[in-house]
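Engineer: File target.csv follows (CSV, C-alpha atoms):
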```
chain,number,residue,atom,x,y,z
B,1209,MET,CA,8.9,-33.1,8.2
B,1210,PRO,CA,10.4,-29.9,6.7
B,1211,GLU,CA,9.5,-26.7,8.4
B,1212,LYS,CA,6.9,-24.5,6.7
B,1213,GLN,CA,8.6,-21.6,4.9
B,1214,ILE,CA,7.9,-18.0,4.2
B,1215,GLU,CA,9.9,-16.5,1.3
B,1216,VAL,CA,10.9,-12.9,2.0
B,1217,TRP,CA,11.7,-11.0,-1.2
B,1218,ILE,CA,13.8,-8.0,-0.4
B,1219,GLU,CA,15.4,-5.0,-2.2
B,1220,PHE,CA,18.2,-3.3,-0.4
B,1221,GLY,CA,17.1,0.2,-1.6
B,1222,SER,CA,13.4,-0.2,-0.6
B,1223,PRO,CA,12.3,1.8,2.5
B,1224,TYR,CA,9.3,-0.5,3.5
B,1225,THR,CA,11.6,-3.5,3.1
B,1226,HIS,CA,13.5,-2.0,6.1
B,1227,ILE,CA,10.4,-2.5,8.2
B,1228,ALA,CA,9.9,-6.1,7.0
B,1229,VAL,CA,13.6,-7.0,7.5
B,1230,GLN,CA,13.8,-5.7,11.1
B,1231,THR,CA,10.6,-7.5,12.2
B,1232,ILE,CA,9.8,-10.6,10.2
B,1233,GLU,CA,12.2,-13.2,11.5
B,1234,ASP,CA,11.1,-13.0,15.1
B,1235,LYS,CA,7.4,-13.1,14.0
B,1236,ALA,CA,8.0,-16.1,11.7
B,1237,LYS,CA,9.9,-18.0,14.3
B,1238,ASN,CA,7.1,-17.5,16.9
B,1239,ALA,CA,4.8,-19.0,14.3
B,1240,GLY,CA,7.1,-22.0,13.6
B,1241,LEU,CA,8.0,-20.7,10.2
B,1242,GLU,CA,11.4,-20.7,8.5
B,1243,VAL,CA,12.4,-17.5,6.7
B,1244,ALA,CA,13.9,-17.9,3.2
B,1245,TRP,CA,15.6,-14.7,2.2
B,1246,ARG,CA,15.2,-13.8,-1.5
B,1247,PRO,CA,17.1,-10.6,-2.5
B,1248,PHE,CA,16.2,-9.3,-5.9
B,1249,LEU,CA,16.5,-6.1,-8.0
B,1250,ILE,CA,13.4,-4.0,-8.1
B,1251,GLY,CA,14.8,-1.8,-10.8
B,1252,ALA,CA,14.2,-4.4,-13.5
B,1253,ILE,CA,10.6,-4.6,-12.5
B,1254,PHE,CA,10.1,-0.8,-12.4
B,1255,GLN,CA,11.5,-0.7,-15.9
B,1256,LEU,CA,8.8,-3.2,-17.0
B,1257,GLN,CA,6.2,-0.9,-15.4
B,1258,GLY,CA,7.6,1.9,-17.6
B,1259,TYR,CA,9.1,3.8,-14.7
B,1260,THR,CA,12.3,5.8,-15.5
B,1261,ASP,CA,13.1,6.2,-11.8
B,1262,THR,CA,11.8,5.0,-8.5
B,1263,PRO,CA,8.1,5.8,-8.3
B,1264,VAL,CA,8.9,7.6,-5.0
B,1265,ASN,CA,10.8,10.2,-7.0
B,1266,LEU,CA,8.6,10.3,-10.1
B,1267,PHE,CA,5.4,11.5,-8.4
B,1268,LYS,CA,6.3,14.0,-5.6
B,1269,PRO,CA,3.1,13.8,-3.5
B,1270,LYS,CA,3.4,10.1,-3.3
B,1271,GLY,CA,7.1,10.3,-2.4
B,1272,ASN,CA,6.5,13.0,0.2
B,1273,TYR,CA,3.8,10.8,1.8
B,1274,MET,CA,5.9,7.7,1.9
B,1275,TRP,CA,8.8,9.4,3.7
B,1276,ARG,CA,6.3,10.8,6.3
B,1277,ASP,CA,4.6,7.4,6.6
B,1278,MET,CA,8.0,5.7,7.1
B,1279,VAL,CA,8.6,7.9,10.1
B,1280,ARG,CA,5.2,7.2,11.6
B,1281,GLN,CA,5.4,3.4,11.0
B,1282,CYS,CA,8.9,3.0,12.3
B,1283,GLN,CA,8.0,5.1,15.4
B,1284,SER,CA,4.9,3.0,16.2
B,1285,LEU,CA,6.9,-0.3,15.6
B,1286,ASN,CA,10.0,0.9,17.5
B,1287,ILE,CA,12.3,0.4,14.5
B,1288,PRO,CA,15.3,2.7,14.3
B,1289,TYR,CA,15.0,4.8,11.2
B,1290,LYS,CA,16.5,7.9,9.6
B,1291,LYS,CA,15.8,9.1,6.0
B,1292,PRO,CA,18.9,8.3,4.0
B,1293,THR,CA,20.6,11.2,2.2
B,1294,ILE,CA,21.3,9.1,-0.9
B,1295,PHE,CA,18.1,7.9,-2.5
B,1296,PRO,CA,17.6,5.7,-4.5
B,1297,ILE,CA,20.7,3.6,-4.0
B,1298,ASN,CA,22.1,0.6,-5.9
B,1299,GLY,CA,21.8,-2.4,-3.6
B,1300,ILE,CA,23.3,-4.9,-6.1
B,1301,THR,CA,26.5,-5.7,-4.1
B,1302,ALA,CA,24.6,-6.2,-0.9
B,1303,ALA,CA,22.1,-8.4,-2.8
B,1304,ARG,CA,24.9,-10.5,-4.3
B,1305,ILE,CA,26.6,-11.1,-1.0
B,1306,THR,CA,23.2,-12.1,0.5
B,1307,THR,CA,22.4,-14.4,-2.5
B,1308,ALA,CA,25.7,-16.2,-2.0
B,1309,ALA,CA,25.1,-16.7,1.7
B,1310,ASP,CA,22.1,-19.0,1.7
B,1311,ASP,CA,24.0,-21.5,3.8
B,1312,GLN,CA,25.6,-19.0,6.1
B,1313,PRO,CA,24.4,-18.6,9.7
B,1314,TRP,CA,25.0,-14.8,9.5
B,1315,GLN,CA,22.8,-14.2,6.4
B,1316,GLY,CA,19.8,-12.8,8.3
B,1317,ASN,CA,22.0,-10.6,10.6
B,1318,PHE,CA,23.9,-9.3,7.6
B,1319,ILE,CA,20.6,-8.2,5.9
B,1320,ARG,CA,19.4,-6.5,9.1
B,1321,GLU,CA,22.8,-4.8,9.7
B,1322,THR,CA,22.9,-3.5,6.1
B,1323,PHE,CA,19.4,-2.1,6.3
B,1324,MET,CA,20.4,-0.4,9.6
B,1325,SER,CA,23.5,1.0,7.9
B,1326,TYR,CA,21.4,2.6,5.1
B,1327,PHE,CA,18.1,3.4,6.8
B,1328,PHE,CA,19.3,4.5,10.2
B,1329,HIS,CA,23.1,5.3,10.1
B,1330,ASP,CA,22.7,7.0,6.6
B,1331,GLN,CA,25.7,5.1,5.2
B,1332,ASP,CA,26.5,4.4,1.6
B,1333,ILE,CA,25.9,0.7,1.1
B,1334,THR,CA,27.5,0.7,-2.3
B,1335,ASN,CA,30.8,1.1,-0.4
B,1336,PRO,CA,32.5,-2.3,0.4
B,1337,ALA,CA,33.9,-0.9,3.6
B,1338,ILE,CA,30.4,-0.3,4.9
B,1339,LEU,CA,29.3,-3.8,3.9
B,1340,ALA,CA,32.5,-5.2,5.5
B,1341,GLU,CA,31.4,-3.6,8.7
B,1342,ALA,CA,27.9,-5.1,8.5
B,1343,LEU,CA,29.4,-8.5,7.8
B,1344,GLY,CA,31.6,-8.2,10.9
B,1345,LYS,CA,28.7,-7.2,13.1
B,1346,ALA,CA,26.6,-10.0,11.6
B,1347,GLY,CA,29.1,-12.6,12.8
B,1348,CYS,CA,30.8,-13.4,9.5
B,1349,THR,CA,34.3,-14.7,10.2
B,1350,ASP,CA,35.8,-14.4,6.6
B,1351,ILE,CA,34.7,-11.0,5.5
B,1352,GLU,CA,37.1,-10.8,2.5
B,1353,ALA,CA,35.7,-14.1,1.1
B,1354,ALA,CA,32.1,-12.9,1.6
B,1355,LEU,CA,32.8,-9.6,-0.2
B,1356,ASN,CA,34.5,-11.5,-2.9
B,1357,THR,CA,31.3,-13.5,-3.7
B,1358,ALA,CA,29.8,-10.4,-5.1
B,1359,THR,CA,32.2,-10.6,-8.0
B,1360,LEU,CA,31.6,-14.3,-8.9
B,1361,PRO,CA,29.8,-15.0,-12.2
B,1362,GLU,CA,27.7,-17.8,-10.6
B,1363,VAL,CA,26.5,-15.4,-7.9
B,1364,LYS,CA,25.7,-12.7,-10.4
B,1365,ASN,CA,23.7,-15.3,-12.4
B,1366,LYS,CA,21.9,-16.6,-9.3
B,1367,LEU,CA,20.7,-13.0,-8.5
B,1368,LYS,CA,19.7,-12.5,-12.1
B,1369,ALA,CA,17.7,-15.7,-12.0
B,1370,ARG,CA,16.0,-14.6,-8.7
B,1371,THR,CA,14.9,-11.3,-10.3
B,1372,GLU,CA,13.5,-13.2,-13.3
B,1373,GLU,CA,11.8,-15.6,-10.9
B,1374,ALA,CA,10.2,-12.6,-9.1
B,1375,ILE,CA,8.9,-11.2,-12.4
B,1376,ASN,CA,7.6,-14.6,-13.5
B,1377,ARG,CA,5.8,-15.2,-10.2
B,1378,GLY,CA,4.0,-11.8,-10.3
B,1379,ILE,CA,6.1,-9.7,-7.9
B,1380,PHE,CA,5.8,-6.0,-8.6
B,1381,GLY,CA,7.1,-4.3,-5.5
B,1382,ALA,CA,9.2,-4.8,-2.3
B,1383,PRO,CA,8.9,-6.2,0.2
B,1384,SER,CA,6.9,-9.2,-1.0
B,1385,PHE,CA,6.2,-12.5,0.6
B,1386,PHE,CA,5.4,-15.9,-0.8
B,1387,VAL,CA,3.8,-18.7,1.2
B,1388,GLY,CA,3.7,-21.5,-1.4
B,1389,ASP,CA,2.3,-19.7,-4.4
B,1390,GLU,CA,0.3,-17.1,-2.4
B,1391,LEU,CA,1.8,-13.6,-2.8
B,1392,PHE,CA,1.6,-10.9,-0.2
B,1393,TRP,CA,3.0,-7.4,-0.9
B,1394,GLY,CA,4.1,-4.7,1.6
B,1395,SER,CA,5.3,-4.5,5.1
B,1396,ASP,CA,1.7,-4.2,6.3
B,1397,ARG,CA,0.9,-7.7,5.0
B,1398,ILE,CA,3.4,-9.6,7.2
B,1399,GLU,CA,0.7,-10.7,9.7
B,1400,GLN,CA,-1.6,-11.9,7.0
B,1401,ALA,CA,1.2,-13.8,5.3
B,1402,ILE,CA,2.1,-15.5,8.5
B,1403,ALA,CA,-1.5,-16.3,9.4
B,1404,PHE,CA,-2.0,-17.8,5.9
B,1405,ALA,CA,1.1,-20.0,6.4
B,1406,LYS,CA,-0.3,-21.3,9.7
B,1407,SER,CA,-3.8,-22.0,8.3
V,843,MET,CA,-16.4,22.1,22.0
V,844,PRO,CA,-16.6,20.8,18.4
V,845,GLU,CA,-16.0,17.1,17.9
V,846,LYS,CA,-12.7,16.1,16.5
V,847,GLN,CA,-13.0,15.2,12.8
V,848,ILE,CA,-11.5,12.7,10.4
V,849,GLU,CA,-11.9,13.6,6.8
V,850,VAL,CA,-12.5,10.5,4.6
V,851,TRP,CA,-11.6,11.1,1.0
V,852,ILE,CA,-13.4,8.6,-1.2
V,853,GLU,CA,-13.6,7.6,-4.9
V,854,PHE,CA,-16.6,5.5,-5.8
V,855,GLY,CA,-14.7,3.4,-8.3
V,856,SER,CA,-11.9,2.5,-5.9
V,857,PRO,CA,-11.8,-1.1,-4.5
V,858,TYR,CA,-9.9,-0.3,-1.3
V,859,THR,CA,-12.3,2.6,-0.6
V,860,HIS,CA,-15.0,-0.1,-0.3
V,861,ILE,CA,-13.1,-1.5,2.8
V,862,ALA,CA,-12.8,2.0,4.3
V,863,VAL,CA,-16.4,3.0,3.7
V,864,GLN,CA,-17.8,-0.2,5.2
V,865,THR,CA,-15.7,0.0,8.4
V,866,ILE,CA,-14.6,3.5,9.3
V,867,GLU,CA,-17.7,5.2,10.7
V,868,ASP,CA,-18.2,2.7,13.5
V,869,LYS,CA,-14.5,2.8,14.4
V,870,ALA,CA,-14.5,6.7,14.3
V,871,LYS,CA,-17.6,6.9,16.5
V,872,ASN,CA,-16.1,4.5,19.0
V,873,ALA,CA,-13.1,6.8,19.2
V,874,GLY,CA,-15.3,9.9,19.6
V,875,LEU,CA,-14.5,11.2,16.1
V,876,GLU,CA,-16.9,12.7,13.5
V,877,VAL,CA,-16.5,11.5,10.0
V,878,ALA,CA,-16.5,14.2,7.3
V,879,TRP,CA,-17.1,12.5,3.9
V,880,ARG,CA,-15.0,14.0,1.0
V,881,PRO,CA,-15.9,12.4,-2.3
V,882,PHE,CA,-13.4,13.3,-5.1
V,883,LEU,CA,-12.4,12.1,-8.6
V,884,ILE,CA,-9.2,10.1,-8.6
V,885,GLY,CA,-9.1,10.2,-12.4
V,886,ALA,CA,-7.8,13.8,-12.4
V,887,ILE,CA,-5.0,12.7,-10.1
V,888,PHE,CA,-4.1,9.6,-12.1
V,889,GLN,CA,-3.8,11.9,-15.1
V,890,LEU,CA,-1.3,14.1,-13.2
V,891,GLN,CA,0.7,11.0,-12.5
V,892,GLY,CA,0.8,10.3,-16.3
V,893,TYR,CA,-1.5,7.3,-16.1
V,894,THR,CA,-3.8,6.7,-19.1
V,895,ASP,CA,-6.0,4.2,-17.3
V,896,THR,CA,-6.4,3.0,-13.7
V,897,PRO,CA,-3.0,1.7,-12.5
V,898,VAL,CA,-4.8,-1.6,-11.7
V,899,ASN,CA,-5.3,-2.1,-15.4
V,900,LEU,CA,-2.0,-0.6,-16.6
V,901,PHE,CA,0.3,-3.1,-14.9
V,902,LYS,CA,-1.2,-6.6,-14.9
V,903,PRO,CA,0.8,-8.2,-12.1
V,904,LYS,CA,-0.2,-5.4,-9.7
V,905,GLY,CA,-3.8,-5.5,-10.8
V,906,ASN,CA,-4.0,-9.3,-10.4
V,907,TYR,CA,-2.5,-9.0,-7.0
V,908,MET,CA,-5.0,-6.3,-5.9
V,909,TRP,CA,-8.0,-8.3,-6.8
V,910,ARG,CA,-6.7,-11.3,-4.9
V,911,ASP,CA,-5.8,-9.1,-1.9
V,912,MET,CA,-9.3,-7.6,-2.0
V,913,VAL,CA,-10.8,-11.1,-1.5
V,914,ARG,CA,-8.4,-11.9,1.4
V,915,GLN,CA,-8.9,-8.5,3.1
V,916,CYS,CA,-12.7,-8.5,2.8
V,917,GLN,CA,-12.8,-12.1,4.0
V,918,SER,CA,-10.7,-11.4,7.1
V,919,LEU,CA,-12.8,-8.2,7.9
V,920,ASN,CA,-16.2,-9.8,7.1
V,921,ILE,CA,-17.0,-7.3,4.4
V,922,PRO,CA,-19.3,-8.5,1.6
V,923,TYR,CA,-17.4,-8.3,-1.6
V,924,LYS,CA,-17.6,-9.5,-5.2
V,925,LYS,CA,-15.3,-8.4,-8.0
V,926,PRO,CA,-17.3,-6.0,-10.2
V,927,THR,CA,-17.7,-7.0,-13.9
V,928,ILE,CA,-17.4,-3.4,-15.1
V,929,PHE,CA,-14.0,-1.9,-14.0
V,930,PRO,CA,-13.1,0.9,-13.9
V,931,ILE,CA,-16.4,2.7,-13.5
V,932,ASN,CA,-17.3,6.4,-13.6
V,933,GLY,CA,-18.4,7.4,-10.1
V,934,ILE,CA,-19.1,11.0,-10.9
V,935,THR,CA,-22.9,10.9,-10.4
V,936,ALA,CA,-22.6,9.1,-7.0
V,937,ALA,CA,-19.9,11.6,-6.0
V,938,ARG,CA,-22.0,14.6,-6.9
V,939,ILE,CA,-25.1,13.2,-5.0
V,940,THR,CA,-22.8,12.7,-2.0
V,941,THR,CA,-21.2,16.1,-2.3
V,942,ALA,CA,-24.7,17.8,-2.3
V,943,ALA,CA,-25.7,15.8,0.8
V,944,ASP,CA,-23.3,17.1,3.5
V,945,ASP,CA,-26.3,18.1,5.7
V,946,GLN,CA,-28.4,15.0,5.0
V,947,PRO,CA,-28.7,12.3,7.7
V,948,TRP,CA,-28.6,9.6,5.0
V,949,GLN,CA,-25.2,10.6,3.5
V,950,GLY,CA,-23.1,7.9,5.2
V,951,ASN,CA,-25.7,5.2,4.5
V,952,PHE,CA,-25.9,6.2,0.8
V,953,ILE,CA,-22.2,5.9,0.4
V,954,ARG,CA,-22.2,2.5,2.0
V,955,GLU,CA,-25.2,1.3,0.0
V,956,THR,CA,-23.6,2.5,-3.3
V,957,PHE,CA,-20.3,0.8,-2.6
V,958,MET,CA,-22.3,-2.4,-1.8
V,959,SER,CA,-24.2,-2.0,-5.1
V,960,TYR,CA,-21.0,-1.9,-7.0
V,961,PHE,CA,-18.5,-4.0,-5.0
V,962,PHE,CA,-20.9,-6.7,-3.9
V,963,HIS,CA,-24.1,-6.8,-6.0
V,964,ASP,CA,-22.1,-6.1,-9.2
V,965,GLN,CA,-24.5,-3.3,-10.2
V,966,ASP,CA,-23.8,-0.4,-12.6
V,967,ILE,CA,-23.6,2.7,-10.4
V,968,THR,CA,-23.6,5.0,-13.4
V,969,ASN,CA,-27.3,4.0,-13.7
V,970,PRO,CA,-29.6,6.5,-11.9
V,971,ALA,CA,-32.1,3.6,-11.1
V,972,ILE,CA,-29.3,1.9,-9.1
V,973,LEU,CA,-28.5,5.1,-7.3
V,974,ALA,CA,-32.2,5.7,-6.6
V,975,GLU,CA,-32.3,2.2,-5.0
V,976,ALA,CA,-29.3,3.0,-2.8
V,977,LEU,CA,-30.9,6.4,-1.8
V,978,GLY,CA,-34.1,4.6,-0.8
V,979,LYS,CA,-32.2,2.0,1.3
V,980,ALA,CA,-30.2,4.8,2.9
V,981,GLY,CA,-33.3,6.5,4.2
V,982,CYS,CA,-33.6,9.4,1.7
V,983,THR,CA,-37.2,10.5,1.5
V,984,ASP,CA,-37.0,12.7,-1.6
V,985,ILE,CA,-35.1,10.5,-4.1
V,986,GLU,CA,-35.9,12.6,-7.1
V,987,ALA,CA,-34.5,15.7,-5.5
V,988,ALA,CA,-31.4,13.9,-4.4
V,989,LEU,CA,-30.8,12.5,-7.9
V,990,ASN,CA,-31.4,16.0,-9.4
V,991,THR,CA,-28.6,17.5,-7.3
V,992,ALA,CA,-26.1,15.7,-9.5
V,993,THR,CA,-27.1,18.0,-12.4
V,994,LEU,CA,-26.7,21.3,-10.5
V,995,PRO,CA,-23.8,23.6,-11.5
V,996,GLU,CA,-23.1,24.5,-7.9
V,997,VAL,CA,-22.8,20.8,-7.0
V,998,LYS,CA,-20.6,20.1,-10.0
V,999,ASN,CA,-18.4,23.0,-9.0
V,1000,LYS,CA,-18.2,21.9,-5.4
V,1001,LEU,CA,-17.0,18.4,-6.5
V,1002,LYS,CA,-14.4,20.0,-8.8
V,1003,ALA,CA,-13.2,22.2,-6.0
V,1004,ARG,CA,-12.9,19.2,-3.7
V,1005,THR,CA,-10.8,17.3,-6.3
V,1006,GLU,CA,-8.6,20.4,-6.6
V,1007,GLU,CA,-8.3,20.6,-2.8
V,1008,ALA,CA,-7.3,16.9,-2.8
V,1009,ILE,CA,-4.5,17.6,-5.3
V,1010,ASN,CA,-3.3,20.7,-3.4
V,1011,ARG,CA,-3.2,18.9,-0.1
V,1012,GLY,CA,-1.1,16.1,-1.5
V,1013,ILE,CA,-3.7,13.3,-2.0
V,1014,PHE,CA,-2.5,10.8,-4.6
V,1015,GLY,CA,-4.8,7.8,-4.1
V,1016,ALA,CA,-8.0,6.5,-2.5
V,1017,PRO,CA,-9.0,6.1,0.2
V,1018,SER,CA,-7.2,8.9,2.0
V,1019,PHE,CA,-7.8,10.3,5.4
V,1020,PHE,CA,-6.9,13.7,6.9
V,1021,VAL,CA,-6.7,14.5,10.6
V,1022,GLY,CA,-6.0,18.2,10.5
V,1023,ASP,CA,-3.1,18.4,8.0
V,1024,GLU,CA,-1.9,14.8,8.6
V,1025,LEU,CA,-2.4,12.6,5.6
V,1026,PHE,CA,-3.0,8.9,5.7
V,1027,TRP,CA,-3.4,6.7,2.6
V,1028,GLY,CA,-5.0,3.3,2.2
V,1029,SER,CA,-7.6,1.2,4.0
V,1030,ASP,CA,-4.8,-0.3,6.1
V,1031,ARG,CA,-4.0,3.1,7.7
V,1032,ILE,CA,-7.5,3.6,9.3
V,1033,GLU,CA,-6.3,2.5,12.7
V,1034,GLN,CA,-3.3,4.8,12.6
V,1035,ALA,CA,-5.3,7.8,11.5
V,1036,ILE,CA,-7.8,7.3,14.3
V,1037,ALA,CA,-5.0,6.8,16.8
V,1038,PHE,CA,-3.4,10.0,15.6
V,1039,ALA,CA,-6.7,11.9,16.0
V,1040,LYS,CA,-7.0,10.7,19.6
V,1041,SER,CA,-3.4,11.5,20.5
```
Would you mind writing the file out in structure tokens?
Structural biologist:
Amino acid sequence: MPEKQIEVWIEFGSPYTHIAVQTIEDKAKNAGLEVAWRPFLIGAIFQLQGYTDTPVNLFKPKGNYMWRDMVRQCQSLNIPYKKPTIFPINGITAARITTAADDQPWQGNFIRETFMSYFFHDQDITNPAILAEALGKAGCTDIEAALNTATLPEVKNKLKARTEEAINRGIFGAPSFFVGDELFWGSDRIEQAIAFAKS
Amino acid sequence: MPEKQIEVWIEFGSPYTHIAVQTIEDKAKNAGLEVAWRPFLIGAIFQLQGYTDTPVNLFKPKGNYMWRDMVRQCQSLNIPYKKPTIFPINGITAARITTAADDQPWQGNFIRETFMSYFFHDQDITNPAILAEALGKAGCTDIEAALNTATLPEVKNKLKARTEEAINRGIFGAPSFFVGDELFWGSDRIEQAIAFAKS
């Protein structure tokens, strides 16, 4: 019998996705669930909503609140966090590397390391050297090959298709979770999504 | 020594405010906190954000999700809920009655009853007869006088000032909570707000 799955839809530039990424795999495993990582590009969805920038920057009070809330949430959950200097950031290279790594044992570790690079060590994750470091820490043994996947047309197309799938299935923000066709949005819905999967 | 306070900023047309309203007073009391009800008008803030309608209606996937999430959240919290037929609704009369009732023992009950009227019994809370019923259930003994407060210039001005205060203090959505100058947003931040007040 195949293990029950929770799809975790992530955007590398999304603050609240940092919280989900650093916590969900342990919680899912404890519940007997398999995590299926689904990187996508939130920018395409923000454009559909008519945003010209990340909503965090467009309406200052909401942005200010989110940064304060991130500090509080990460403190209470013991997640290392520091507000990045560069924001927003283009996570497309990290997303492509992850998309190409569905069969790699280091995929989850790479995601966590890359979010730590950006949301704790304040590093520029558009820089391949930073991603190479994250790949090494994650246990990838052929870093050059992994970085190279980001340039392959089939990987670019797979990520595009994933983003289209996100739109077609009703995703409008990150992080999002699917259990079957049931959608959950936001790092504060992880427990509900896992409970739903178990029920 | 005055009791520690949690300000609960509410909008009568806001779905997630229903969750806060039906649950927060018991939780606050258990924590030794006094609830200060702060009705305001979210429409003025949505206009500042450039919205021409409630964001729930402007971007369909987000709206669809919210209605589904409301069902799940209310089920898991045992809060009576039914999606209202009329949405959005103008909560200004209910907000004015509440604003005028800061010293009335029935204020909290009236808020809860009115949210039940709209978000469970699917009633039109712009109708004074519906508000009169809520006032009666809440224990108000002079219903006519309470309804009449909604027409008084000083009450209208007090509600306007409250909405301006909300904007000036960085509120951008409902429900919101202030503990001193610390802002919390959303029905899923009630526990954090109370924990912060106790710390």
Engineer: One number please: atom CA of Asp1330 of chain B to atom CA of Thr1293 of chain B, in Å, one decimal.
Structural biologist: 6.4 Å
Engineer: Around the point (25.5, -18.3, 5.3) (coordinates from the file), which residues reach within 12 Å if we count all atoms listed in the file? Answer as an MDAnalysis selection string.
Structural biologist: chainID B and resid 1244:1245 1305:1319 1343 1346:1351 1353:1354 1357
Engineer: Restricting the output to C-alpha atoms, write the selected residues as a PDB file, in the coordinates of the input.
Structural biologist:
```pdb
ATOM      1  CA  ALA B1244      13.900 -17.900   3.200  1.00  0.00           C
ATOM      2  CA  TRP B1245      15.600 -14.700   2.200  1.00  0.00           C
ATOM      3  CA  ILE B1305      26.600 -11.100  -1.000  1.00  0.00           C
ATOM      4  CA  THR B1306      23.200 -12.100   0.500  1.00  0.00           C
ATOM      5  CA  THR B1307      22.400 -14.400  -2.500  1.00  0.00           C
ATOM      6  CA  ALA B1308      25.700 -16.200  -2.000  1.00  0.00           C
ATOM      7  CA  ALA B1309      25.100 -16.700   1.700  1.00  0.00           C
ATOM      8  CA  ASP B1310      22.100 -19.000   1.700  1.00  0.00           C
ATOM      9  CA  ASP B1311      24.000 -21.500   3.800  1.00  0.00           C
ATOM     10  CA  GLN B1312      25.600 -19.000   6.100  1.00  0.00           C
ATOM     11  CA  PRO B1313      24.400 -18.600   9.700  1.00  0.00           C
ATOM     12  CA  TRP B1314      25.000 -14.800   9.500  1.00  0.00           C
ATOM     13  CA  GLN B1315      22.800 -14.200   6.400  1.00  0.00           C
ATOM     14  CA  GLY B1316      19.800 -12.800   8.300  1.00  0.00           C
ATOM     15  CA  ASN B1317      22.000 -10.600  10.600  1.00  0.00           C
ATOM     16  CA  PHE B1318      23.900  -9.300   7.600  1.00  0.00           C
ATOM     17  CA  ILE B1319      20.600  -8.200   5.900  1.00  0.00           C
ATOM     18  CA  LEU B1343      29.400  -8.500   7.800  1.00  0.00           C
ATOM     19  CA  ALA B1346      26.600 -10.000  11.600  1.00  0.00           C
ATOM     20  CA  GLY B1347      29.100 -12.600  12.800  1.00  0.00           C
ATOM     21  CA  CYS B1348      30.800 -13.400   9.500  1.00  0.00           C
ATOM     22  CA  THR B1349      34.300 -14.700  10.200  1.00  0.00           C
ATOM     23  CA  ASP B1350      35.800 -14.400   6.600  1.00  0.00           C
ATOM     24  CA  ILE B1351      34.700 -11.000   5.500  1.00  0.00           C
ATOM     25  CA  ALA B1353      35.700 -14.100   1.100  1.00  0.00           C
ATOM     26  CA  ALA B1354      32.100 -12.900   1.600  1.00  0.00           C
ATOM     27  CA  THR B1357      31.300 -13.500  -3.700  1.00  0.00           C
TER      28      THR B1357
END
```
Engineer: Taking all atoms listed in the file into account, produce a table as a Markdown table in which each residue of chain V with an atom at most 8 Å from an atom of chain B appears once, together with its shortest atom pair and the distance in Å to one decimal, ordered by chain and rising number.
Structural biologist:
```
| residue | atom | partner | partner_atom | distance |
| --- | --- | --- | --- | --- |
| V:Gln891 | CA | B:Phe1267 | CA | 6.3 |
| V:Phe901 | CA | B:Gln1257 | CA | 6.3 |
| V:Pro903 | CA | B:Gly1378 | CA | 5.1 |
| V:Lys904 | CA | B:Phe1380 | CA | 6.1 |
| V:Tyr907 | CA | B:Leu1391 | CA | 7.6 |
| V:Asp911 | CA | B:Phe1392 | CA | 7.8 |
| V:Gly1012 | CA | B:Pro1269 | CA | 5.2 |
| V:Ile1013 | CA | B:Pro1269 | CA | 7.0 |
| V:Phe1014 | CA | B:Lys1270 | CA | 6.1 |
| V:Leu1025 | CA | B:Tyr1273 | CA | 7.5 |
| V:Phe1026 | CA | B:Asp1277 | CA | 7.8 |
| V:Asp1030 | CA | B:Asp1396 | CA | 7.6 |
```
Engineer: List the neighbours of segment 884-886 of chain V out to 9 Å using only C-alpha atoms; skip same-chain residues closer than 2 positions along the sequence, and give me the result as a list of chain:residue names.
Structural biologist: V:Ile852, V:Glu853, V:Gly855, V:Ser856, V:Phe882, V:Phe888, V:Gln889, V:Leu890, V:Gln891, V:Tyr893, V:Asp895, V:Thr896, V:Thr1005, V:Glu1006, V:Ile1009, V:Phe1014, V:Gly1015, V:Ala1016
Engineer: Provide the atom CA of Lys1345 of chain B to atom CA of Glu1233 of chain B distance in Å, to one decimal place.
Structural biologist: 17.6 Å
Engineer: For atom CA of Asn1298 of chain B and atom CA of Asn1286 of chain B, quote the distance in Å rounded to one decimal.
Structural biologist: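 Here the two named atoms are 26.3 Å from each other.
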Engineer: Let me make sure I understand: among B:Cys1282, B:Ile1297, B:Ala1228, B:Ala1239, which one has the smallest atom-to-atom distance to Glu1211 of chain B if we use all atoms listed in the file?
Structural biologist: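 That would be B:Ala1239, the residue with the smallest distance to Glu1211 of chain B.
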Engineer: Could you pull the residues within 12 Å of Asp868 of chain V, counting only C-alpha atoms, minus those fewer than 2 positions along the same chain, as a PyMOL selection string?
Structural biologist: chain V and resi 862-866+870-877+950-951+1032-1033+1036
Engineer: Show me, as a list in words, the residues that have an atom within 10 Å of Pro1223 of chain B when counting all atoms listed in the file, minus same-chain residues fewer than 3 positions from it.
Structural biologist: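 Listed by chain and then number, they are Glu1219, Phe1220, His1226, Ile1227, Ala1228, Met1274, Trp1275, Met1278, Tyr1289, Lys1291, Pro1292, Phe1295, Pro1296, Phe1323, Tyr1326, Phe1327, Ala1382, Pro1383 and Ser1395 of chain B.
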Engineer: Emit the selected residues as a short mmCIF file (atom, residue, chain, number, x, y, z; two decimals), in the frame of the given file, including C-alpha atoms.
Structural biologist:
```
data_model
loop_
_atom_site.label_atom_id
_atom_site.label_comp_id
_atom_site.auth_asym_id
_atom_site.auth_seq_id
_atom_site.Cartn_x
_atom_site.Cartn_y
_atom_site.Cartn_z
CA GLU B 1219 15.40 -5.00 -2.20
CA PHE B 1220 18.20 -3.30 -0.40
CA HIS B 1226 13.50 -2.00 6.10
CA ILE B 1227 10.40 -2.50 8.20
CA ALA B 1228 9.90 -6.10 7.00
CA MET B 1274 5.90 7.70 1.90
CA TRP B 1275 8.80 9.40 3.70
CA MET B 1278 8.00 5.70 7.10
CA TYR B 1289 15.00 4.80 11.20
CA LYS B 1291 15.80 9.10 6.00
CA PRO B 1292 18.90 8.30 4.00
CA PHE B 1295 18.10 7.90 -2.50
CA PRO B 1296 17.60 5.70 -4.50
CA PHE B 1323 19.40 -2.10 6.30
CA TYR B 1326 21.40 2.60 5.10
CA PHE B 1327 18.10 3.40 6.80
CA ALA B 1382 9.20 -4.80 -2.30
CA PRO B 1383 8.90 -6.20 0.20
CA SER B 1395 5.30 -4.50 5.10
#
```
